[in-house]
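Visitor: Sending over query-v2.cif (mmCIF, C-alpha atoms).
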data_input
loop_
_atom_site.label_atom_id
_atom_site.label_comp_id
_atom_site.auth_asym_id
_atom_site.auth_seq_id
_atom_site.Cartn_x
_atom_site.Cartn_y
_atom_site.Cartn_z
CA MET A 1 2.71 25.63 -11.20
CA VAL A 2 1.55 27.35 -8.03
CA HIS A 3 4.44 28.97 -6.15
CA LEU A 4 4.23 27.59 -2.60
CA SER A 5 5.43 30.15 -0.11
CA SER A 6 8.35 29.12 2.07
CA PHE A 7 6.19 29.21 5.22
CA LEU A 8 4.33 26.08 4.13
CA LEU A 9 1.14 28.02 3.34
CA LYS A 10 0.76 29.43 6.86
CA LYS A 11 1.84 32.86 8.03
CA TYR A 12 3.57 32.76 11.42
CA HIS A 13 4.21 35.84 13.54
CA GLY A 14 7.54 35.69 15.30
CA GLY A 15 7.92 31.94 14.97
CA HIS A 16 11.20 30.16 14.44
CA VAL A 17 12.42 26.82 13.19
CA VAL A 18 13.29 24.11 15.71
CA ILE A 19 15.04 20.79 15.34
CA ARG A 20 13.16 18.47 17.65
CA LEU A 21 11.90 14.93 18.18
CA ALA A 22 8.47 14.05 16.77
CA LEU A 23 6.94 11.02 18.47
CA GLY A 24 5.53 8.14 16.44
CA GLY A 25 5.22 4.38 16.77
CA ALA A 26 2.60 2.43 18.73
CA THR A 27 1.48 1.79 22.30
CA ASN A 28 4.45 0.98 24.54
CA ARG A 29 6.69 1.33 21.47
CA PRO A 30 7.85 4.89 20.92
CA PHE A 31 9.88 5.99 17.92
CA TYR A 32 11.19 9.50 17.37
CA ARG A 33 11.87 11.31 14.11
CA ILE A 34 14.39 14.14 14.24
CA VAL A 35 12.60 16.86 12.40
CA ALA A 36 12.96 20.52 11.41
CA ALA A 37 9.59 22.16 12.05
CA TYR A 38 8.13 25.50 12.99
CA ASN A 39 7.98 26.26 16.68
CA LYS A 40 4.22 26.85 16.72
CA ARG A 41 3.29 23.56 15.06
CA ALA A 42 2.03 20.56 17.02
CA ARG A 43 4.68 18.02 17.94
CA ASP A 44 3.67 15.39 15.38
CA SER A 45 2.11 17.53 12.69
CA LYS A 46 3.46 18.84 9.39
CA TYR A 47 7.19 19.47 9.46
CA ILE A 48 9.56 21.14 7.05
CA GLU A 49 12.04 18.31 6.65
CA GLN A 50 13.03 15.08 8.38
CA LEU A 51 16.66 15.10 9.45
CA GLY A 52 16.98 11.70 11.08
CA SER A 53 15.48 9.28 13.55
CA TYR A 54 15.98 7.97 17.07
CA ASP A 55 14.83 4.63 18.44
CA PRO A 56 14.77 4.80 22.25
CA LEU A 57 14.35 1.05 22.80
CA PRO A 58 17.58 -1.00 22.50
CA ASN A 59 17.71 -3.67 19.80
CA ILE A 60 18.95 -7.27 19.85
CA HIS A 61 22.58 -6.19 20.20
CA ASN A 62 21.66 -3.78 22.99
CA GLU A 63 22.13 -0.69 20.80
CA LYS A 64 19.94 2.39 20.52
CA LEU A 65 19.96 3.46 16.86
CA VAL A 66 20.20 7.11 15.89
CA ALA A 67 20.39 8.57 12.38
CA PHE A 68 21.45 12.11 11.39
CA ASN A 69 21.57 13.98 8.09
CA TYR A 70 24.52 16.25 8.96
CA GLU A 71 24.41 18.28 5.75
CA ARG A 72 20.84 19.36 6.23
CA ILE A 73 21.29 19.87 9.98
CA LYS A 74 24.16 22.23 9.16
CA TYR A 75 21.92 24.06 6.71
CA TRP A 76 19.10 24.53 9.19
CA ILE A 77 21.43 25.64 11.98
CA ALA A 78 22.97 28.10 9.57
CA CYS A 79 19.44 29.40 8.84
CA GLY A 80 18.95 29.98 12.57
CA ALA A 81 17.13 26.88 13.86
CA HIS A 82 17.07 26.14 17.59
CA THR A 83 17.56 22.65 18.97
CA THR A 84 15.70 21.12 21.86
CA LYS A 85 17.51 19.61 24.86
CA PRO A 86 17.21 15.93 23.87
CA VAL A 87 18.31 16.67 20.31
CA ALA A 88 21.27 18.67 21.62
CA LYS A 89 22.21 15.78 23.94
CA LEU A 90 22.01 13.26 21.12
CA LEU A 91 24.10 15.43 18.83
CA GLY A 92 26.63 15.86 21.61
CA LEU A 93 26.90 12.11 22.08
CA ALA A 94 27.26 11.74 18.32
CA GLY A 95 30.16 14.19 18.23
CA PHE A 96 28.57 16.81 16.00
CA PHE A 97 28.07 19.21 18.95
CA PRO A 98 30.17 19.43 22.10
CA LEU A 99 28.96 17.19 24.93
CA HIS A 100 25.99 18.70 26.75
CA PRO A 101 26.80 19.82 30.34
CA MET A 102 23.88 17.87 31.74
CA THR A 103 25.17 14.66 30.12
CA ILE A 104 28.46 15.09 31.95
CA THR A 105 26.74 16.11 35.19
CA GLU A 106 24.34 13.16 35.10
CA ALA A 107 27.21 10.76 34.44
CA GLU A 108 29.17 12.19 37.39
CA ARG A 109 26.14 11.90 39.65
CA ARG A 110 25.64 8.29 38.64
CA GLN A 111 29.29 7.49 39.24
CA LYS A 112 29.18 9.11 42.64
CA ALA A 113 26.02 7.23 43.58
CA ALA A 114 27.59 3.96 42.43
CA SER A 115 30.75 4.60 44.48
CA VAL A 116 28.67 5.50 47.54
CA GLU A 117 26.71 2.25 47.12
CA GLU A 118 29.98 0.30 46.89
CA VAL A 119 31.37 1.91 50.02
CA LYS A 120 28.12 1.23 51.86
CA ALA A 121 28.09 -2.41 50.73
CA ASP A 122 31.74 -2.85 51.81
CA SER A 123 31.10 -1.26 55.22
CA GLN A 124 28.01 -3.49 55.68
CA GLU A 125 30.08 -6.58 54.88
CA GLN A 126 32.74 -5.46 57.35
CA VAL A 127 30.13 -4.96 60.07
CA GLU A 128 28.65 -8.40 59.41
CA GLU A 129 32.12 -10.02 59.53
CA ALA A 130 32.88 -8.29 62.82
CA LEU A 131 29.53 -9.48 64.32
CA SER A 132 30.09 -13.08 63.19
CA MET A 133 33.67 -13.07 64.60
CA ASP A 134 32.34 -11.75 67.95
CA GLN A 135 29.69 -14.48 67.97
CA ASN A 136 32.29 -17.16 67.25
CA LEU A 137 34.48 -15.80 70.00
CA MET B 138 -16.88 23.54 42.65
CA LEU B 139 -15.72 22.75 39.17
CA ARG B 140 -16.21 25.12 36.31
CA ALA B 141 -17.06 23.63 32.95
CA LEU B 142 -13.70 23.81 31.23
CA SER B 143 -13.64 24.42 27.51
CA ARG B 144 -10.76 22.00 27.12
CA SER B 145 -12.61 19.02 28.62
CA PRO B 146 -12.75 16.12 26.16
CA ALA B 147 -15.98 14.72 27.69
CA PRO B 148 -19.31 16.20 26.49
CA VAL B 149 -20.49 19.21 28.50
CA VAL B 150 -23.27 18.30 30.97
CA SER B 151 -25.94 20.88 31.75
CA LEU B 152 -25.59 22.75 35.02
CA LEU B 153 -29.00 21.55 36.26
CA SER B 154 -28.06 17.86 36.42
CA PRO B 155 -24.42 17.20 37.31
CA ARG B 156 -23.93 13.43 37.14
CA ALA B 157 -20.69 13.38 39.11
CA ALA B 158 -18.38 15.83 40.83
CA VAL B 159 -15.69 15.22 38.27
CA LEU B 160 -16.70 15.82 34.65
CA VAL B 161 -13.35 15.95 32.93
CA GLU B 162 -10.98 13.00 32.44
CA THR B 163 -7.32 13.97 32.35
CA VAL B 164 -6.91 17.67 31.70
CA ARG B 165 -4.09 19.55 33.35
CA GLY B 166 -5.12 21.98 36.07
CA ARG B 167 -8.68 20.86 36.73
CA LYS B 168 -9.07 23.24 39.71
CA SER B 169 -10.09 26.82 39.11
CA ARG B 170 -8.75 29.84 41.00
CA THR B 171 -11.49 29.87 43.64
CA ASP B 172 -11.41 26.14 44.54
CA PRO B 173 -10.11 25.45 48.08
CA LYS B 174 -6.99 23.44 48.85
CA ALA B 175 -7.35 19.66 49.33
CA LYS B 176 -7.33 18.37 52.94
CA SER B 177 -4.29 16.16 52.41
CA LYS B 178 -2.27 19.09 51.08
CA LEU B 179 -3.09 21.66 53.78
CA GLY B 180 0.29 21.42 55.60
CA ARG B 181 2.43 20.94 52.53
CA ILE B 182 5.35 23.30 51.97
CA LYS B 183 6.63 23.13 48.41
CA THR B 184 10.41 23.24 48.22
CA PRO B 185 12.48 23.38 45.02
CA PRO B 186 14.82 20.43 44.32
CA PRO B 187 18.07 20.64 46.33
CA VAL B 188 21.05 22.22 44.54
CA ASP B 189 24.67 21.33 45.20
CA PRO B 190 26.53 24.68 45.12
CA GLY B 191 29.86 23.17 44.04
CA GLU B 192 28.17 21.25 41.26
CA MET B 193 26.21 24.38 40.31
CA VAL B 194 29.39 26.41 39.88
CA VAL B 195 30.95 23.73 37.69
CA LEU B 196 27.70 23.40 35.79
CA LYS B 197 27.50 27.14 35.12
CA GLN B 198 31.05 27.09 33.76
CA ARG B 199 30.24 24.15 31.54
CA TYR B 200 27.13 25.91 30.25
CA THR B 201 29.00 29.08 29.34
CA GLU B 202 31.61 27.03 27.47
CA TYR B 203 28.91 25.04 25.73
CA SER B 204 26.92 28.06 24.58
CA LEU B 205 30.12 29.71 23.37
CA ILE B 206 31.04 26.70 21.27
CA LEU B 207 27.51 26.41 19.94
CA ARG B 208 27.41 30.04 18.90
CA ALA B 209 30.73 29.68 17.13
CA LEU B 210 29.48 26.56 15.35
CA ARG B 211 26.34 28.33 14.24
CA LEU B 212 28.25 31.25 12.78
CA GLU B 213 30.67 28.91 11.05
CA PHE B 214 27.85 26.93 9.45
CA LYS B 215 26.23 30.16 8.34
CA GLU B 216 29.45 31.29 6.72
CA GLN B 217 29.88 27.96 4.96
CA MET B 218 26.38 28.09 3.63
CA LEU B 219 26.73 31.65 2.37
CA ARG B 220 29.98 30.76 0.65
CA LYS B 221 28.40 27.76 -1.02
CA LYS B 222 25.46 29.84 -2.16
CA TYR B 223 27.76 32.52 -3.52
CA GLU B 224 29.85 29.97 -5.38
CA GLU B 225 26.75 28.38 -6.76
CA GLU B 226 25.22 31.59 -8.04
CA VAL B 227 28.11 33.85 -8.95
CA GLY B 228 31.41 32.06 -8.64
CA SER B 229 33.22 29.16 -10.21
CA VAL B 230 30.35 26.67 -10.07
CA ALA B 231 28.10 29.00 -12.00
CA GLU B 232 30.74 29.60 -14.65
CA GLU B 233 31.38 25.91 -15.14
CA ARG B 234 27.69 25.31 -15.39
CA ALA B 235 27.28 28.08 -17.98
CA LYS B 236 30.13 26.66 -20.05
CA ARG B 237 28.74 23.16 -19.90
CA GLU B 238 25.30 24.36 -20.87
CA GLU B 239 26.67 26.32 -23.80
CA GLU B 240 28.58 23.32 -25.08
CA GLU B 241 25.53 21.18 -24.72
CA HIS B 242 23.48 23.77 -26.58
CA ARG B 243 25.96 23.92 -29.42
CA SER B 244 26.13 20.18 -29.80
CA LEU B 245 22.38 19.92 -29.74
CA MET B 246 22.04 22.62 -32.38
CA ALA B 247 24.56 20.79 -34.57
CA LEU B 248 22.58 17.58 -34.19
CA ASN B 249 19.42 19.42 -35.05
CA ASP B 250 20.93 20.92 -38.19
CA ALA B 251 22.23 17.56 -39.36
CA GLU B 252 18.86 16.00 -38.78
CA ASN B 253 17.12 18.81 -40.66
CA LEU B 254 19.48 18.37 -43.62
CA ARG B 255 18.91 14.65 -43.78
CA MET B 256 15.16 15.05 -43.60
CA ARG B 257 15.28 17.72 -46.27
CA GLU B 258 17.13 15.43 -48.66
CA ILE B 259 14.77 12.58 -48.03
CA ARG B 260 11.84 14.91 -48.51
CA GLU B 261 13.20 16.24 -51.81
CA GLN B 262 13.73 12.75 -53.14
CA ARG B 263 10.24 11.81 -52.15
CA MET B 264 8.78 14.91 -53.79
CA GLN B 265 10.69 14.12 -56.97
CA GLN B 266 9.38 10.60 -57.05
CA GLU B 267 5.89 11.77 -56.40
CA ALA B 268 6.14 14.33 -59.22
CA GLU B 269 7.30 11.67 -61.64
CA ALA B 270 4.51 9.33 -60.61
CA ALA B 271 1.98 12.11 -61.02
CA GLU B 272 3.27 12.90 -64.47
CA LEU B 273 3.08 9.28 -65.54
CA LYS B 274 -0.44 9.08 -64.26
CA LYS B 275 -1.38 12.24 -66.12
CA ARG B 276 0.01 10.87 -69.31
CA ASP B 277 -1.84 7.63 -68.89
CA ALA B 278 -5.01 9.52 -68.17
CA ASP B 279 -4.55 11.60 -71.28
CA ILE B 280 -4.03 8.54 -73.42
CA LEU B 281 -7.08 6.92 -71.91
CA ARG B 282 -9.18 10.00 -72.55
CA GLN B 283 -8.00 10.15 -76.10
CA GLN B 284 -8.88 6.54 -76.65
CA GLU B 285 -12.25 7.01 -75.09
CA LEU B 286 -12.91 9.90 -77.39
CA GLU B 287 -11.93 7.85 -80.41
CA ASN B 288 -14.11 4.96 -79.29
CA TYR B 289 -17.01 7.27 -78.85
CA ILE B 290 -16.56 8.77 -82.29
CA LYS B 291 -16.32 5.33 -83.85
CA GLU B 292 -19.44 4.21 -82.08
CA LYS B 293 -21.33 7.23 -83.32
CA GLU B 294 -20.12 6.69 -86.85
CA ARG B 295 -21.33 3.10 -86.69
CA HIS B 296 -24.68 4.26 -85.49
CA ILE B 297 -24.85 6.70 -88.40
CA LEU B 298 -24.02 4.00 -90.90
CA LEU B 299 -26.64 1.71 -89.45
CA LEU B 300 -29.16 4.49 -89.60
CA GLN B 301 -28.24 5.14 -93.19
CA GLU B 302 -28.79 1.47 -93.93
CA GLU B 303 -32.14 1.55 -92.23
CA ALA B 304 -33.06 4.79 -93.96
CA LYS B 305 -33.38 2.79 -97.20
CA ASP B 306 -36.34 0.86 -95.74
CA PHE B 307 -38.18 3.92 -94.39
CA ILE B 308 -41.68 4.67 -95.48
CA THR B 309 -41.68 8.05 -97.27
CA PRO B 310 -44.64 9.88 -98.77
CA GLU B 311 -43.55 8.56 -102.18
CA ASN B 312 -43.39 4.95 -100.97
CA LEU B 313 -46.57 5.21 -99.01
CA ASP B 314 -48.98 3.79 -101.56
CA GLN B 315 -46.63 1.06 -102.66
CA ARG B 316 -45.97 -0.03 -99.07
CA ILE B 317 -49.65 -0.10 -98.23
CA GLU B 318 -50.26 -2.32 -101.20
CA GLU B 319 -47.43 -4.61 -100.17
CA ALA B 320 -48.64 -4.82 -96.56
CA LEU B 321 -52.19 -5.71 -97.65
CA ASP B 322 -50.88 -8.28 -100.05
CA ASN B 323 -48.75 -10.14 -97.45
CA PRO B 324 -50.67 -10.71 -94.23
CA LYS B 325 -48.41 -11.87 -91.42
CA ASN B 326 -49.62 -14.25 -88.72
CA TYR B 327 -48.24 -13.45 -85.24
CA ASN B 328 -50.33 -16.05 -83.53
CA PHE B 329 -47.58 -18.19 -81.99
CA ALA B 330 -45.93 -18.68 -78.62
CA ILE B 331 -42.24 -18.59 -77.78
CA ASP B 332 -40.43 -19.56 -74.67
CA LYS B 333 -37.11 -18.59 -73.16
CA GLU B 334 -35.09 -21.16 -75.09
CA GLY B 335 -36.51 -19.83 -78.32
CA ARG B 336 -38.77 -22.74 -79.19
CA VAL B 337 -41.64 -21.60 -81.28
CA VAL B 338 -45.10 -23.08 -80.89
CA LYS B 339 -47.46 -22.34 -83.81
CA ARG B 340 -50.42 -24.42 -82.62
CA THR B 341 -52.20 -22.73 -79.73
CA ALA B 342 -55.36 -23.56 -77.76
CA PHE B 343 -57.67 -20.98 -79.28
CA GLN B 344 -57.24 -22.04 -82.92
CA ARG B 345 -60.40 -22.24 -84.88
#
What does this structure look like when you write it as structure tokens?
Guide:
Amino acid sequence: MVHLSSFLLKKYHGGHVVIRLALGGATNRPFYRIVAAYNKRARDSKYIEQLGSYDPLPNIHNEKLVAFNYERIKYWIACGAHTTKPVAKLLGLAGFFPLHPMTITEAERRQKAASVEEVKADSQEQVEEALSMDQNL
Amino acid sequence: MLRALSRSPAPVVSLLSPRAAVLVETVRGRKSRTDPKAKSKLGRIKTPPPVDPGEMVVLKQRYTEYSLILRALRLEFKEQMLRKKYEEEVGSVAEERAKREEEEHRSLMALNDAENLRMREIREQRMQQEAEAAELKKRDADILRQQELENYIKEKERHILLLQEEAKDFITPENLDQRIEEALDNPKNYNFAIDKEGRVVKRTAFQR
């Protein structure tokens, strides 16, 4: 049997392994595979190993399904693989990594925006009430 | 205005007959270095997105914490993996595996020996039976040969006796005259027909 080299038959200079999302699916229906691949490879081309999947569209029960193979992810991180931002965020939400700072920041921003909207809506209602009372009077 | 870009997906048109000003479809950065700015963008001042300094401070803290934790995780995973590998190759796991394999080997060898013994016995029995059968056959063949020889000798003796009997009727130089006289005295008539059933017909067509 031919001994396949560990670089998947291609010699890379200074490349590294990344854990990232590879896009698949159809038009207007994306589907991501969480994949360990070499940095220099195209996004959807040959990868080293598939470590999970992520479906960005919510299903009937309004859930977005994510799958992880923690054992293999541990192995690749131990071998020195980098993770991309979306993968890091997903892992943080899953509990395997700590929560990503941007997740927290985005959540705070949304909360603030929602509270500002509420305050504005309340003040608008108050103004309208005052106007109507004046008109009645 | 537009240089023919090597990354354009559309087929390259010759410089002598440009069909339209735009040749490429959707390739990033379709303007070259020397192309002038568009009229609608002349007064545009590009500003980076606004940054909240308080939020930035908090964010920087969070990032340092995060990277610290991640680095620690990475080192821990590495250590775990190295330990597992070590155990697998050198430590307890390897020993257990070696023991198991040795036991398996021994049991298999025992099985093999038992099988070989059994087959040997069967083979010896078979060889014995075959030897006996061969001997019987040889004996039979010998008897047959003997009988054939005897038959042959008997046959030959019979022939000799017959010949001896016939020798009495032979014509010898002494009998010659007497036999000639006899033959001339008794003429034999062979003028008859005979068919397959043995019926003799003495009267034929050409009788005078």
Visitor: Within 10 Å of (26.8, 16.8, 29.1), in the coordinates the file gives, what residues turn up when you count only C-alpha atoms, written out as a list in words?
Guide: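 Output of the proximity query reads Ala88, Lys89, Leu90, Gly92, Leu93, Pro98, Leu99, His100, Pro101, Met102, Thr103, Ile104, Thr105, Glu106, Ala107 and Glu108 of chain A; Leu196, Arg199, Tyr200 and Tyr203 of chain B.
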Visitor: If we count all atoms listed in the file and set the cut-off at 9 Å, which residues sit around stretch 84-86 of chain A, ignoring sequence neighbours fewer than 5 positions away in its own chain? Please answer as an mmCIF file with C-alpha atoms, in the coordinates of the input.
Guide:
data_model
loop_
_atom_site.group_PDB
_atom_site.id
_atom_site.type_symbol
_atom_site.label_atom_id
_atom_site.label_comp_id
_atom_site.auth_asym_id
_atom_site.auth_seq_id
_atom_site.Cartn_x
_atom_site.Cartn_y
_atom_site.Cartn_z
ATOM 1 C CA VAL A 18 13.290 24.110 15.710
ATOM 2 C CA ILE A 19 15.040 20.790 15.340
ATOM 3 C CA ARG A 20 13.160 18.470 17.650
ATOM 4 C CA LEU A 21 11.900 14.930 18.180
ATOM 5 C CA LEU A 91 24.100 15.430 18.830
ATOM 6 C CA HIS A 100 25.990 18.700 26.750
#
Visitor: Restricting the calculation to all atoms listed in the file: of A:Asp134, A:Asp55, A:Glu117, A:Glu71, which residue gets closest to chain B?
Guide: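 Checking each of A:Asp134, A:Asp55, A:Glu117, A:Glu71 against chain B, counting all atoms listed in the file, the winner is A:Glu71.
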Visitor: Considering all atoms listed in the file, give me a table of residues in chain B that are at most 6 Å from chain A, with the closest atom pair and distance in Å for each, as JSON lines.
Guide:
{"residue": "B:Arg199", "atom": "CA", "partner": "A:Pro101", "partner_atom": "CA", "distance": 5.7}
{"residue": "B:Arg211", "atom": "CA", "partner": "A:Ala78", "partner_atom": "CA", "distance": 5.8}
{"residue": "B:Phe214", "atom": "CA", "partner": "A:Ala78", "partner_atom": "CA", "distance": 5.0}
{"residue": "B:Lys215", "atom": "CA", "partner": "A:Ala78", "partner_atom": "CA", "distance": 4.0}
Visitor: Generate the output file for the selected residues, C-alpha atoms, as a compact mmCIF listing (two decimals), keeping the file's coordinate frame.
Guide:
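Final output, out.txt:
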# COMPACT_ATOMS: atom_id res chain seq x y z
CA ARG B 199 30.24 24.15 31.54
CA ARG B 211 26.34 28.33 14.24
CA PHE B 214 27.85 26.93 9.45
CA LYS B 215 26.23 30.16 8.34
Visitor: To one decimal place, how far is atom CA of A:Tyr54 from atom CA of A:Thr27 in Å?
Guide: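 Pair atom CA of A:Tyr54 / atom CA of A:Thr27 returns 16.6 Å.
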Visitor: For this file, the PyMOL selection byres ((chain A and resi 28-37) around 9) selects which residues, as a short mmCIF file (atom, residue, chain, number, x, y, z; two decimals) with C-alpha atoms, in the frame of the given file?
Guide:
data_model
loop_
_atom_site.label_atom_id
_atom_site.label_comp_id
_atom_site.auth_asym_id
_atom_site.auth_seq_id
_atom_site.Cartn_x
_atom_site.Cartn_y
_atom_site.Cartn_z
CA HIS A 16 11.20 30.16 14.44
CA VAL A 17 12.42 26.82 13.19
CA VAL A 18 13.29 24.11 15.71
CA ILE A 19 15.04 20.79 15.34
CA ARG A 20 13.16 18.47 17.65
CA LEU A 21 11.90 14.93 18.18
CA ALA A 22 8.47 14.05 16.77
CA LEU A 23 6.94 11.02 18.47
CA GLY A 24 5.53 8.14 16.44
CA GLY A 25 5.22 4.38 16.77
CA ALA A 26 2.60 2.43 18.73
CA THR A 27 1.48 1.79 22.30
CA TYR A 38 8.13 25.50 12.99
CA ASN A 39 7.98 26.26 16.68
CA LYS A 40 4.22 26.85 16.72
CA ARG A 41 3.29 23.56 15.06
CA ARG A 43 4.68 18.02 17.94
CA SER A 45 2.11 17.53 12.69
CA LYS A 46 3.46 18.84 9.39
CA TYR A 47 7.19 19.47 9.46
CA ILE A 48 9.56 21.14 7.05
CA GLU A 49 12.04 18.31 6.65
CA GLN A 50 13.03 15.08 8.38
CA LEU A 51 16.66 15.10 9.45
CA GLY A 52 16.98 11.70 11.08
CA SER A 53 15.48 9.28 13.55
CA TYR A 54 15.98 7.97 17.07
CA ASP A 55 14.83 4.63 18.44
CA PRO A 56 14.77 4.80 22.25
CA LEU A 57 14.35 1.05 22.80
CA ALA A 67 20.39 8.57 12.38
CA PHE A 68 21.45 12.11 11.39
CA ILE A 73 21.29 19.87 9.98
CA TRP A 76 19.10 24.53 9.19
CA ALA A 81 17.13 26.88 13.86
CA VAL A 87 18.31 16.67 20.31
#
Visitor: Using only the atoms of stretch 56-61 of chain A listed in the file, plus 4 Å on each side, state the axis-aligned box centre and edge lengths in Å rounded to one decimal, as AutoDock Vina command-line options.
Guide:
--center_x 18.5 --center_y -1.2 --center_z 21.3 --size_x 16.2 --size_y 20.1 --size_z 11.0
Visitor: Tell me, in Å to one decimal, how far atom CA of B:Met218 is from atom CA of A:Asn69.
Guide: 15.6 Å
Visitor: I'd like the interatomic distance between atom CA of B:Arg263 and atom CA of B:Ala278, to a tenth of an Å.
Guide: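 Answer for the atom CA of B:Arg263 to atom CA of B:Ala278 separation: 22.2 Å.
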Visitor: Using only C-alpha atoms, which of B:Gly166, B:Arg295, B:Gln284, B:Asn326 sits nearest B:Arg340?
Guide: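 Of all the options, B:Asn326 lies closest to B:Arg340.
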